[in-house]
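run22.txt, holding compact mmCIF, C-alpha atoms:
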# COMPACT_ATOMS: atom_id res chain seq x y z
CA MET A 1 -15.77 20.29 36.87
CA PRO A 2 -14.03 16.90 36.42
CA SER A 3 -16.64 15.87 33.82
CA ASP A 4 -16.06 19.16 31.92
CA THR A 5 -12.32 18.50 31.98
CA ASN A 6 -12.83 14.97 30.66
CA THR A 7 -15.12 16.21 27.90
CA LEU A 8 -12.43 18.67 26.85
CA LEU A 9 -9.86 15.85 26.88
CA LYS A 10 -12.01 13.65 24.65
CA ASP A 11 -12.79 16.48 22.27
CA THR A 12 -9.10 17.36 21.96
CA VAL A 13 -8.08 13.78 21.21
CA ARG A 14 -10.90 13.33 18.70
CA GLU A 15 -10.02 16.57 16.94
CA LEU A 16 -6.35 15.56 16.67
CA ALA A 17 -7.21 12.06 15.43
CA ARG A 18 -9.52 13.56 12.83
CA GLY A 19 -6.96 16.15 11.74
CA LEU A 20 -4.25 13.48 11.40
CA HIS A 21 -6.49 10.94 9.66
CA GLU A 22 -5.19 11.59 6.16
CA ASP A 23 -1.61 11.31 7.38
CA THR A 24 -2.45 8.01 9.06
CA ILE A 25 -3.93 6.67 5.83
CA ALA A 26 -0.88 7.82 3.86
CA ASN A 27 1.48 6.15 6.33
CA ARG A 28 -0.50 2.94 6.30
CA ARG A 29 -0.57 2.82 2.50
CA GLN A 30 3.16 3.46 2.25
CA LEU A 31 3.84 0.64 4.69
CA HIS A 32 1.36 -1.63 2.92
CA ALA A 33 3.06 -1.12 -0.44
CA ASP A 34 6.48 -2.01 0.99
CA PRO A 35 5.95 -5.00 3.31
CA GLU A 36 8.86 -6.85 4.91
CA LEU A 37 8.99 -10.31 6.44
CA SER A 38 9.65 -11.10 10.10
CA PHE A 39 13.00 -9.87 11.45
CA ALA A 40 13.79 -8.16 8.13
CA GLU A 41 11.79 -4.96 8.73
CA HIS A 42 14.72 -2.66 7.96
CA ARG A 43 12.88 -0.12 5.79
CA THR A 44 9.85 -0.22 8.07
CA ALA A 45 11.99 0.47 11.14
CA ALA A 46 13.73 3.33 9.32
CA PHE A 47 10.33 4.78 8.40
CA VAL A 48 9.20 4.62 12.04
CA ALA A 49 12.47 6.20 13.19
CA ARG A 50 12.01 9.12 10.78
CA GLN A 51 8.48 9.70 12.01
CA LEU A 52 9.55 9.70 15.66
CA LYS A 53 12.40 12.11 14.89
CA THR A 54 9.87 14.48 13.31
CA LEU A 55 7.84 14.29 16.52
CA ASN A 56 10.96 14.89 18.67
CA ILE A 57 10.35 11.59 20.45
CA PRO A 58 13.66 9.96 21.44
CA PHE A 59 13.98 6.27 20.59
CA VAL A 60 16.35 3.34 20.64
CA GLN A 61 16.69 0.26 18.46
CA SER A 62 15.74 -2.95 20.21
CA GLY A 63 15.27 -6.60 19.28
CA GLY A 64 17.10 -6.23 16.00
CA THR A 65 14.69 -4.24 13.85
CA GLY A 66 12.48 -3.03 16.68
CA ILE A 67 12.09 0.60 17.77
CA ALA A 68 11.16 1.86 21.24
CA GLY A 69 10.24 5.52 21.73
CA LEU A 70 9.70 7.39 24.98
CA LEU A 71 7.50 10.42 25.68
CA HIS A 72 7.36 12.19 29.04
CA GLY A 73 4.31 14.23 29.90
CA GLY A 74 4.94 17.78 31.04
CA MET A 75 2.65 17.83 34.08
CA PRO A 76 4.41 17.01 37.36
CA GLY A 77 3.18 14.73 40.11
CA ARG A 78 2.48 11.60 38.11
CA ASP A 79 5.06 8.87 37.71
CA ARG A 80 3.03 6.10 36.05
CA VAL A 81 4.39 4.53 32.86
CA ILE A 82 2.34 2.86 30.12
CA ALA A 83 3.61 0.92 27.10
CA LEU A 84 1.76 0.90 23.77
CA ARG A 85 2.71 -1.80 21.28
CA ALA A 86 2.38 -2.27 17.51
CA ASP A 87 3.90 -5.01 15.36
CA MET A 88 5.53 -4.30 11.99
CA ASP A 89 6.13 -7.53 10.03
CA ALA A 90 4.27 -8.88 6.99
CA LEU A 91 3.46 -12.39 5.75
CA PRO A 92 4.73 -14.57 2.86
CA ILE A 93 1.48 -14.13 0.89
CA ARG A 94 1.00 -12.83 -2.67
CA GLU A 95 -1.54 -9.99 -2.56
CA MET A 96 -4.61 -10.33 -4.81
CA ASN A 97 -6.14 -6.90 -4.15
CA ASP A 98 -6.30 -4.42 -7.03
CA VAL A 99 -5.62 -1.21 -5.09
CA PRO A 100 -3.19 1.69 -5.63
CA TYR A 101 -1.25 0.71 -2.52
CA LYS A 102 -0.94 -2.99 -3.46
CA SER A 103 2.24 -4.68 -2.26
CA ALA A 104 5.17 -3.95 -4.57
CA ASN A 105 7.11 -6.88 -3.08
CA ASP A 106 5.93 -10.04 -4.82
CA GLY A 107 5.01 -12.79 -2.41
CA VAL A 108 5.03 -10.52 0.66
CA MET A 109 1.90 -8.84 2.00
CA HIS A 110 0.57 -7.04 5.05
CA ALA A 111 -2.24 -9.58 5.34
CA CYS A 112 -2.63 -9.28 9.11
CA GLY A 113 -2.95 -5.52 9.48
CA HIS A 114 0.45 -4.79 10.97
CA ASP A 115 0.75 -1.85 8.59
CA ALA A 116 -2.40 -0.44 10.19
CA HIS A 117 -1.05 -1.16 13.68
CA THR A 118 2.20 0.70 12.96
CA ALA A 119 0.51 3.66 11.26
CA SER A 120 -2.04 3.87 14.05
CA LEU A 121 0.58 3.89 16.81
CA LEU A 122 2.59 6.55 14.97
CA THR A 123 -0.50 8.76 14.98
CA THR A 124 -1.13 7.97 18.64
CA ALA A 125 2.42 9.17 19.27
CA ALA A 126 1.70 12.32 17.27
CA ILE A 127 -1.47 13.02 19.27
CA LEU A 128 0.25 12.53 22.61
CA SER A 129 3.30 14.57 21.60
CA ARG A 130 0.99 17.48 20.77
CA MET A 131 -0.60 17.11 24.22
CA LYS A 132 2.52 16.40 26.26
CA GLU A 133 2.28 19.60 28.28
CA ARG A 134 -1.27 18.64 29.27
CA PHE A 135 -0.67 15.22 30.82
CA GLY A 136 1.55 13.58 33.42
CA GLY A 137 3.36 10.25 33.29
CA THR A 138 5.38 8.50 30.60
CA VAL A 139 4.40 6.65 27.43
CA LYS A 140 6.65 4.03 25.87
CA PHE A 141 5.95 3.28 22.19
CA ILE A 142 6.99 -0.25 21.18
CA PHE A 143 7.26 -0.91 17.44
CA GLN A 144 7.97 -4.62 17.38
CA PRO A 145 9.42 -6.89 14.69
CA GLY A 146 8.71 -10.54 14.03
CA GLU A 147 5.30 -11.21 15.56
CA GLU A 148 4.52 -13.78 12.87
CA LYS A 149 7.52 -16.04 13.50
CA ILE A 150 8.77 -17.73 16.65
CA PRO A 151 10.56 -16.94 18.90
CA GLY A 152 8.73 -13.65 18.26
CA GLY A 153 10.06 -10.13 18.37
CA ALA A 154 8.49 -9.50 21.78
CA SER A 155 10.91 -11.90 23.46
CA LEU A 156 13.87 -10.27 21.69
CA MET A 157 12.82 -6.74 22.70
CA ILE A 158 12.25 -7.91 26.28
CA ARG A 159 15.73 -9.47 26.22
CA ASP A 160 17.12 -6.11 25.09
CA GLY A 161 15.42 -4.31 27.99
CA VAL A 162 12.36 -2.74 26.37
CA LEU A 163 10.44 -3.16 29.64
CA GLU A 164 13.13 -1.41 31.68
CA ASP A 165 14.33 2.18 32.18
CA PRO A 166 11.52 2.89 32.87
CA HIS A 167 9.51 -0.23 33.67
CA PRO A 168 5.89 0.13 32.45
CA ASP A 169 3.06 -0.34 34.90
CA CYS A 170 0.99 -1.92 32.12
CA ILE A 171 0.87 -2.44 28.36
CA LEU A 172 -1.85 -2.05 25.74
CA GLY A 173 -1.99 -3.64 22.29
CA GLN A 174 -4.47 -3.20 19.45
CA HIS A 175 -5.18 -5.65 16.60
CA VAL A 176 -7.41 -5.27 13.55
CA MET A 177 -10.56 -7.41 13.33
CA PRO A 178 -12.34 -7.59 9.96
CA GLU A 179 -15.30 -9.40 11.54
CA LEU A 180 -16.12 -6.18 13.45
CA PRO A 181 -17.38 -3.13 11.54
CA ALA A 182 -15.03 -0.17 11.41
CA GLY A 183 -15.74 2.13 14.33
CA MET A 184 -16.22 -0.69 16.84
CA VAL A 185 -13.81 -2.30 19.27
CA GLY A 186 -13.89 -5.54 21.25
CA PHE A 187 -12.55 -6.60 24.65
CA ARG A 188 -12.20 -9.86 26.56
CA SER A 189 -11.00 -10.31 30.12
CA GLY A 190 -8.80 -13.22 31.19
CA SER A 191 -7.59 -15.87 28.75
CA TYR A 192 -8.14 -14.58 25.22
CA MET A 193 -5.69 -16.12 22.74
CA ALA A 194 -4.07 -19.54 22.64
CA SER A 195 -0.56 -20.77 23.15
CA SER A 196 1.01 -21.95 19.91
CA ASP A 197 3.60 -24.68 19.36
CA GLU A 198 5.04 -26.02 16.11
CA LEU A 199 5.25 -29.80 15.70
CA TYR A 200 7.75 -31.52 13.40
CA LEU A 201 7.65 -35.29 12.97
CA THR A 202 9.84 -37.56 10.87
CA VAL A 203 8.55 -41.11 10.48
CA SER A 204 11.20 -43.59 9.32
CA GLY A 205 10.76 -47.05 7.88
CA LYS A 206 12.23 -49.10 5.07
CA GLY A 207 11.28 -48.13 1.56
CA GLY A 208 11.16 -50.18 -1.57
CA HIS A 209 8.96 -51.41 -4.40
CA ALA A 210 5.28 -50.76 -3.76
CA ALA A 211 4.46 -54.17 -5.21
CA SER A 212 6.36 -55.85 -2.36
CA PRO A 213 5.02 -54.20 0.81
CA HIS A 214 5.90 -57.32 2.84
CA LEU A 215 9.58 -56.59 2.25
CA ASN A 216 9.26 -52.97 3.42
CA THR A 217 8.30 -51.07 6.56
CA ASP A 218 5.89 -48.53 5.17
CA PRO A 219 6.36 -45.11 6.82
CA VAL A 220 3.38 -43.70 4.91
CA LEU A 221 1.03 -46.14 6.62
CA ILE A 222 2.63 -45.46 9.99
CA ALA A 223 2.35 -41.71 9.46
CA CYS A 224 -1.33 -41.97 8.51
CA HIS A 225 -2.04 -43.90 11.70
CA LEU A 226 -0.07 -41.32 13.67
CA VAL A 227 -1.99 -38.32 12.35
CA THR A 228 -5.27 -40.04 13.24
CA ALA A 229 -4.16 -41.42 16.61
CA LEU A 230 -2.73 -38.12 17.83
CA GLN A 231 -6.18 -36.54 17.54
CA GLN A 232 -7.13 -38.64 20.57
CA ILE A 233 -4.96 -36.35 22.67
CA VAL A 234 -7.51 -33.60 22.06
CA SER A 235 -10.71 -35.63 21.70
CA ARG A 236 -10.22 -38.10 24.57
CA GLN A 237 -7.49 -36.86 26.93
CA ALA A 238 -8.16 -33.12 27.08
CA ASN A 239 -10.82 -31.68 29.35
CA PRO A 240 -13.68 -30.94 26.92
CA LEU A 241 -14.17 -27.59 28.67
CA MET A 242 -10.62 -26.57 27.80
CA PRO A 243 -10.22 -25.50 24.16
CA SER A 244 -7.43 -27.34 22.34
CA VAL A 245 -6.51 -27.52 18.66
CA LEU A 246 -4.22 -30.04 16.97
CA SER A 247 -3.84 -29.57 13.23
CA PHE A 248 -1.39 -30.94 10.68
CA GLY A 249 -0.84 -28.87 7.57
CA ARG A 250 2.12 -30.60 5.96
CA PHE A 251 2.53 -34.27 5.04
CA ILE A 252 5.42 -35.08 2.69
CA ALA A 253 6.03 -38.62 1.44
CA GLU A 254 8.34 -38.36 -1.54
CA GLY A 255 7.74 -41.75 -3.06
CA ALA A 256 5.89 -42.56 -6.26
CA THR A 257 2.96 -44.68 -7.42
CA ASN A 258 5.24 -47.71 -7.25
CA VAL A 259 7.78 -46.56 -4.66
CA ILE A 260 7.43 -46.61 -0.89
CA PRO A 261 9.76 -43.94 0.58
CA ASP A 262 12.05 -44.37 3.55
CA GLU A 263 10.71 -41.33 5.41
CA VAL A 264 7.63 -39.19 5.82
CA HIS A 265 7.78 -35.62 7.15
CA ILE A 266 4.82 -34.12 8.99
CA ALA A 267 4.35 -30.64 10.44
CA GLY A 268 1.52 -29.11 12.42
CA THR A 269 0.47 -26.93 15.33
CA PHE A 270 -0.87 -27.47 18.84
CA ARG A 271 -2.80 -24.73 20.63
CA THR A 272 -4.57 -24.44 23.96
CA LEU A 273 -5.62 -21.95 26.64
CA ASP A 274 -4.05 -23.71 29.62
CA GLU A 275 -0.29 -23.81 30.25
CA GLN A 276 -0.38 -26.93 32.43
CA TRP A 277 -2.37 -28.88 29.86
CA ARG A 278 -0.01 -27.59 27.22
CA SER A 279 2.96 -29.20 28.98
CA ASP A 280 1.05 -32.44 29.67
CA ALA A 281 -0.07 -32.68 26.05
CA HIS A 282 3.51 -32.33 24.80
CA LEU A 283 4.54 -35.41 26.79
CA LYS A 284 1.47 -37.38 25.74
CA MET A 285 1.94 -36.62 22.03
CA LYS A 286 5.60 -37.59 22.05
CA LYS A 287 4.97 -40.82 23.94
CA MET A 288 2.11 -41.84 21.64
CA ALA A 289 4.04 -41.06 18.45
CA LEU A 290 7.20 -42.91 19.46
CA THR A 291 5.32 -45.93 20.84
CA LEU A 292 2.93 -46.28 17.89
CA ALA A 293 5.69 -46.00 15.30
CA GLU A 294 7.77 -48.58 17.12
CA SER A 295 4.82 -50.96 17.42
CA MET A 296 4.45 -50.85 13.62
CA GLY A 297 8.13 -51.53 13.03
CA GLY A 298 9.26 -47.98 12.34
CA ARG A 299 10.68 -45.00 14.20
CA CYS A 300 9.52 -41.45 14.84
CA SER A 301 11.44 -38.35 15.81
CA PHE A 302 9.19 -35.68 17.31
CA GLU A 303 10.36 -32.07 17.72
CA ILE A 304 8.20 -29.50 19.50
CA ARG A 305 9.23 -25.89 18.95
CA LYS A 306 7.59 -24.07 21.81
CA GLY A 307 5.96 -20.87 20.65
CA TYR A 308 3.94 -18.14 22.32
CA PRO A 309 2.24 -18.58 25.70
CA VAL A 310 -1.45 -18.10 26.40
CA LEU A 311 -2.42 -14.43 26.11
CA ILE A 312 -4.14 -13.29 29.29
CA ASN A 313 -5.80 -9.89 29.60
CA GLU A 314 -5.44 -8.75 33.20
CA GLU A 315 -8.95 -8.33 34.56
CA LYS A 316 -8.64 -4.98 36.34
CA LEU A 317 -6.78 -3.33 33.45
CA ASN A 318 -9.19 -4.81 30.91
CA ALA A 319 -12.22 -3.55 32.86
CA GLY A 320 -10.72 -0.08 33.08
CA THR A 321 -9.75 0.19 29.42
CA ARG A 322 -13.14 -1.10 28.34
CA LYS A 323 -14.85 1.52 30.49
CA HIS A 324 -12.67 4.25 28.98
CA ALA A 325 -13.40 2.92 25.47
CA GLU A 326 -17.13 3.15 26.16
CA ASP A 327 -16.62 6.69 27.38
CA TYR A 328 -14.67 7.67 24.24
CA LEU A 329 -16.70 5.78 21.61
CA GLY A 330 -20.07 5.16 23.24
CA SER A 331 -21.12 1.84 24.77
CA GLU A 332 -22.89 0.78 21.57
CA ARG A 333 -19.53 0.66 19.78
CA VAL A 334 -17.83 -1.59 22.34
CA THR A 335 -18.51 -5.31 22.37
CA ASP A 336 -17.43 -8.57 24.03
CA LEU A 337 -15.03 -10.93 22.28
CA ASP A 338 -15.01 -14.71 22.25
CA ILE A 339 -11.77 -16.61 22.70
CA TRP A 340 -9.56 -16.78 19.62
CA MET A 341 -7.36 -19.82 19.03
CA ALA A 342 -4.82 -17.82 17.06
CA ALA A 343 -1.64 -16.89 18.92
CA GLU A 344 0.04 -13.54 19.60
CA ASP A 345 3.44 -12.81 21.08
CA PHE A 346 1.93 -9.82 22.90
CA ALA A 347 1.43 -12.63 25.43
CA ALA A 348 5.15 -12.40 26.28
CA TYR A 349 4.64 -8.88 27.62
CA ALA A 350 1.45 -9.88 29.42
CA GLN A 351 3.36 -12.60 31.27
CA LEU A 352 5.52 -9.91 32.89
CA LEU A 353 3.12 -7.01 33.52
CA PRO A 354 -0.62 -6.33 33.30
CA GLY A 355 -1.69 -6.32 29.66
CA CYS A 356 -4.80 -5.54 27.64
CA PHE A 357 -4.99 -6.71 24.04
CA TYR A 358 -8.14 -5.49 22.34
CA ARG A 359 -9.52 -5.58 18.79
CA LEU A 360 -10.18 -2.74 16.37
CA GLY A 361 -13.02 -3.24 13.92
CA THR A 362 -11.90 -2.80 10.30
CA GLY A 363 -14.65 -4.48 8.28
CA ASN A 364 -17.20 -2.92 5.95
CA GLU A 365 -19.64 -5.37 4.42
CA LYS A 366 -21.24 -2.78 2.13
CA ARG A 367 -17.87 -2.05 0.55
CA GLY A 368 -16.91 -5.71 0.36
CA ILE A 369 -14.15 -5.42 2.96
CA THR A 370 -14.79 -8.75 4.65
CA SER A 371 -11.75 -10.96 3.98
CA GLY A 372 -10.13 -12.50 7.02
CA VAL A 373 -6.57 -11.94 8.16
CA HIS A 374 -3.85 -14.09 6.55
CA THR A 375 -5.70 -14.14 3.22
CA PRO A 376 -4.51 -12.60 -0.10
CA THR A 377 -7.58 -10.33 -0.30
CA PHE A 378 -7.38 -8.90 3.23
CA ASP A 379 -7.86 -5.13 3.46
CA ILE A 380 -9.29 -2.65 5.94
CA ASP A 381 -11.85 0.13 5.99
CA GLU A 382 -9.49 3.04 6.56
CA GLN A 383 -12.09 4.87 8.62
CA ALA A 384 -10.74 2.64 11.41
CA LEU A 385 -7.53 4.65 11.18
CA GLU A 386 -9.29 7.55 12.85
CA THR A 387 -10.86 5.40 15.56
CA GLY A 388 -7.72 3.41 16.40
CA PRO A 389 -5.15 6.16 17.09
CA GLY A 390 -7.59 8.38 18.96
CA LEU A 391 -8.85 5.58 21.14
CA MET A 392 -5.36 4.37 22.05
CA ALA A 393 -4.27 7.91 22.91
CA TYR A 394 -7.33 8.38 25.12
CA LEU A 395 -6.81 4.98 26.80
CA ALA A 396 -3.18 5.89 27.50
CA LEU A 397 -4.10 9.24 29.03
CA LYS A 398 -6.84 7.78 31.22
CA THR A 399 -4.77 4.79 32.29
CA LEU A 400 -1.98 7.16 33.32
CA GLY A 401 -4.52 8.90 35.54
CA ASN A 402 -5.12 12.03 33.48
Show this structure as structure tokens.
Amino acid sequence: MPSDTNTLLKDTVRELARGLHEDTIANRRQLHADPELSFAEHRTAAFVARQLKTLNIPFVQSGGTGIAGLLHGGMPGRDRVIALRADMDALPIREMNDVPYKSANDGVMHACGHDAHTASLLTTAAILSRMKERFGGTVKFIFQPGEEKIPGGASLMIRDGVLEDPHPDCILGQHVMPELPAGMVGFRSGSYMASSDELYLTVSGKGGHAASPHLNTDPVLIACHLVTALQQIVSRQANPLMPSVLSFGRFIAEGATNVIPDEVHIAGTFRTLDEQWRSDAHLKMKKMALTLAESMGGRCSFEIRKGYPVLINEEKLNAGTRKHAEDYLGSERVTDLDIWMAAEDFAAYAQLLPGCFYRLGTGNEKRGITSGVHTPTFDIDEQALETGPGLMAYLALKTLGN
């Protein structure tokens, strides 16, 4: 009997996801055409609010432009609470796709799939609202702003109490993955995504005529040595078994062919999968930068803007959700993930309660949908918009114990 009941549950969720697929696509395309940058998701939040009102799901505003909805199941005897999270912000990228739903906001693009995340979670909410008399427990829907910019919208929503009244027992998050074909999902237990810190260095010297370097203290030369020397923190002081990344993407020396400037500005990122090494590396980088600059006659100010922590998928929750995903999709459509040195502020939730952050395949090589996230040609195979909402609804129901 229990297996018959579970088959009926799966069939119901699948049928609802299929029936709502066109609506999910329409929602995603509307969001894609009107992207908004981090912490400015006013129209997006209003769109989400209208959808939740239509579903009769009560909600509150949180974290500025964030929305948190709450749905109580109608079956008594179960008091578990699960949170489901989607992010809503876009990136400062000019879209290069020639599609009907191309971004209408020049220089702003949903190049990381947050439009798909939001549309998918709205459909998950629609599925669960249609089934609310058939399950017990509570589902909290978190539509989060500002994932792409520190301090991250997760921290702001947590500050505003999104994890209280009621407090979730666990939280699930879903993120597109163009490297996986649409219809597949990926899971990884334990440490999955890196911490991420922004580094800002100003190297000061004494500028002057480039033909008289002996009369100057060249900050360009000092900065070049610094960029090279700091790589030793990763290559010689980090445990080689612990992934670390140190990259500099901005180097500004506003001199000229015959002018040595007074200052050089450098910016970069440091990422790792170990919080203790993260703290140790901060101290080592600062000490090396200040000492090296001073030894060459200059000065260096070094600011570290601490970003997101390491994202850890709680092992028991991850194992359970993966098992449920195999049950819903078939084991052949569920795969293992490698670590990813990108960062995600879903980690802020996972620091406070068990979390599972999994990946939704959105690629389609035959159709040429292969561009990576954060690129101007990123797009998704919209067939994933049937898989994603249905799977998350099923995971929520099973995790709640239904």
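Distances from A:Gly401, A:Pro92, A:Gly361, A:Pro100 to Gly136 in chain A were compared using all atoms listed in the file, and the smallest one belongs to A:Gly401.
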Identify which of the residues A:Gly190, A:Pro181, A:Pro168, A:Gly152 lies closest to Thr65 in chain A, counting only C-alpha atoms when measuring atom-to-atom distances.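 Closest to Thr65 in chain A, using only C-alpha atoms: A:Gly152.
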Considering only C-alpha atoms, return as a PDB file with C-alpha atoms, keeping the file's coordinate frame whatever protein or nucleic-acid residues lie within 8 Å of range 68-85 of chain A, sequence-local ones (same chain, fewer than 5 positions apart) excluded.
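Writing the result to selection_17.pdb gives the following:
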ATOM      1  CA  LEU A  52       9.550   9.700  15.660  1.00  0.00           C
ATOM      2  CA  ILE A  57      10.350  11.590  20.450  1.00  0.00           C
ATOM      3  CA  PRO A  58      13.660   9.960  21.440  1.00  0.00           C
ATOM      4  CA  PHE A  59      13.980   6.270  20.590  1.00  0.00           C
ATOM      5  CA  VAL A  60      16.350   3.340  20.640  1.00  0.00           C
ATOM      6  CA  GLN A  61      16.690   0.260  18.460  1.00  0.00           C
ATOM      7  CA  SER A  62      15.740  -2.950  20.210  1.00  0.00           C
ATOM      8  CA  LEU A 121       0.580   3.890  16.810  1.00  0.00           C
ATOM      9  CA  SER A 129       3.300  14.570  21.600  1.00  0.00           C
ATOM     10  CA  LYS A 132       2.520  16.400  26.260  1.00  0.00           C
ATOM     11  CA  GLU A 133       2.280  19.600  28.280  1.00  0.00           C
ATOM     12  CA  ARG A 134      -1.270  18.640  29.270  1.00  0.00           C
ATOM     13  CA  PHE A 135      -0.670  15.220  30.820  1.00  0.00           C
ATOM     14  CA  GLY A 136       1.550  13.580  33.420  1.00  0.00           C
ATOM     15  CA  GLY A 137       3.360  10.250  33.290  1.00  0.00           C
ATOM     16  CA  THR A 138       5.380   8.500  30.600  1.00  0.00           C
ATOM     17  CA  VAL A 139       4.400   6.650  27.430  1.00  0.00           C
ATOM     18  CA  LYS A 140       6.650   4.030  25.870  1.00  0.00           C
ATOM     19  CA  PHE A 141       5.950   3.280  22.190  1.00  0.00           C
ATOM     20  CA  ILE A 142       6.990  -0.250  21.180  1.00  0.00           C
ATOM     21  CA  PHE A 143       7.260  -0.910  17.440  1.00  0.00           C
ATOM     22  CA  GLN A 144       7.970  -4.620  17.380  1.00  0.00           C
ATOM     23  CA  VAL A 162      12.360  -2.740  26.370  1.00  0.00           C
ATOM     24  CA  PRO A 166      11.520   2.890  32.870  1.00  0.00           C
ATOM     25  CA  HIS A 167       9.510  -0.230  33.670  1.00  0.00           C
ATOM     26  CA  PRO A 168       5.890   0.130  32.450  1.00  0.00           C
ATOM     27  CA  ASP A 169       3.060  -0.340  34.900  1.00  0.00           C
ATOM     28  CA  CYS A 170       0.990  -1.920  32.120  1.00  0.00           C
ATOM     29  CA  ILE A 171       0.870  -2.440  28.360  1.00  0.00           C
ATOM     30  CA  LEU A 172      -1.850  -2.050  25.740  1.00  0.00           C
ATOM     31  CA  GLY A 173      -1.990  -3.640  22.290  1.00  0.00           C
ATOM     32  CA  GLN A 174      -4.470  -3.200  19.450  1.00  0.00           C
ATOM     33  CA  ALA A 396      -3.180   5.890  27.500  1.00  0.00           C
ATOM     34  CA  THR A 399      -4.770   4.790  32.290  1.00  0.00           C
ATOM     35  CA  LEU A 400      -1.980   7.160  33.320  1.00  0.00           C
ATOM     36  CA  GLY A 401      -4.520   8.900  35.540  1.00  0.00           C
TER      37      GLY A 401
END
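The nearest approach to Glu315 in chain A among the residues A:Ser189, A:Pro389, A:Gly205, A:Pro240, with only C-alpha atoms taken into account, belongs to A:Ser189.
The environment of Arg367 in chain A within 12 Å, counting all atoms listed in the file and disregarding residues fewer than 3 places along the same chain, consists of Pro181, Ala182, Thr362, Gly363, Asn364, Thr370, Ser371, Asp379, Ile380, Asp381 and Glu382 of chain A.
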Polymer residues at most 10 Å from (-3.5, -3.0, -3.2) by all atoms listed in the file, as a list of chain:residue names: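 Final list of nearby residues, as requested, is A:Arg29, A:His32, A:Ala33, A:Glu95, A:Met96, A:Asn97, A:Asp98, A:Val99, A:Pro100, A:Tyr101, A:Lys102, A:Ser103, A:Ala104, A:Met109, A:Thr377, A:Phe378, A:Asp379.
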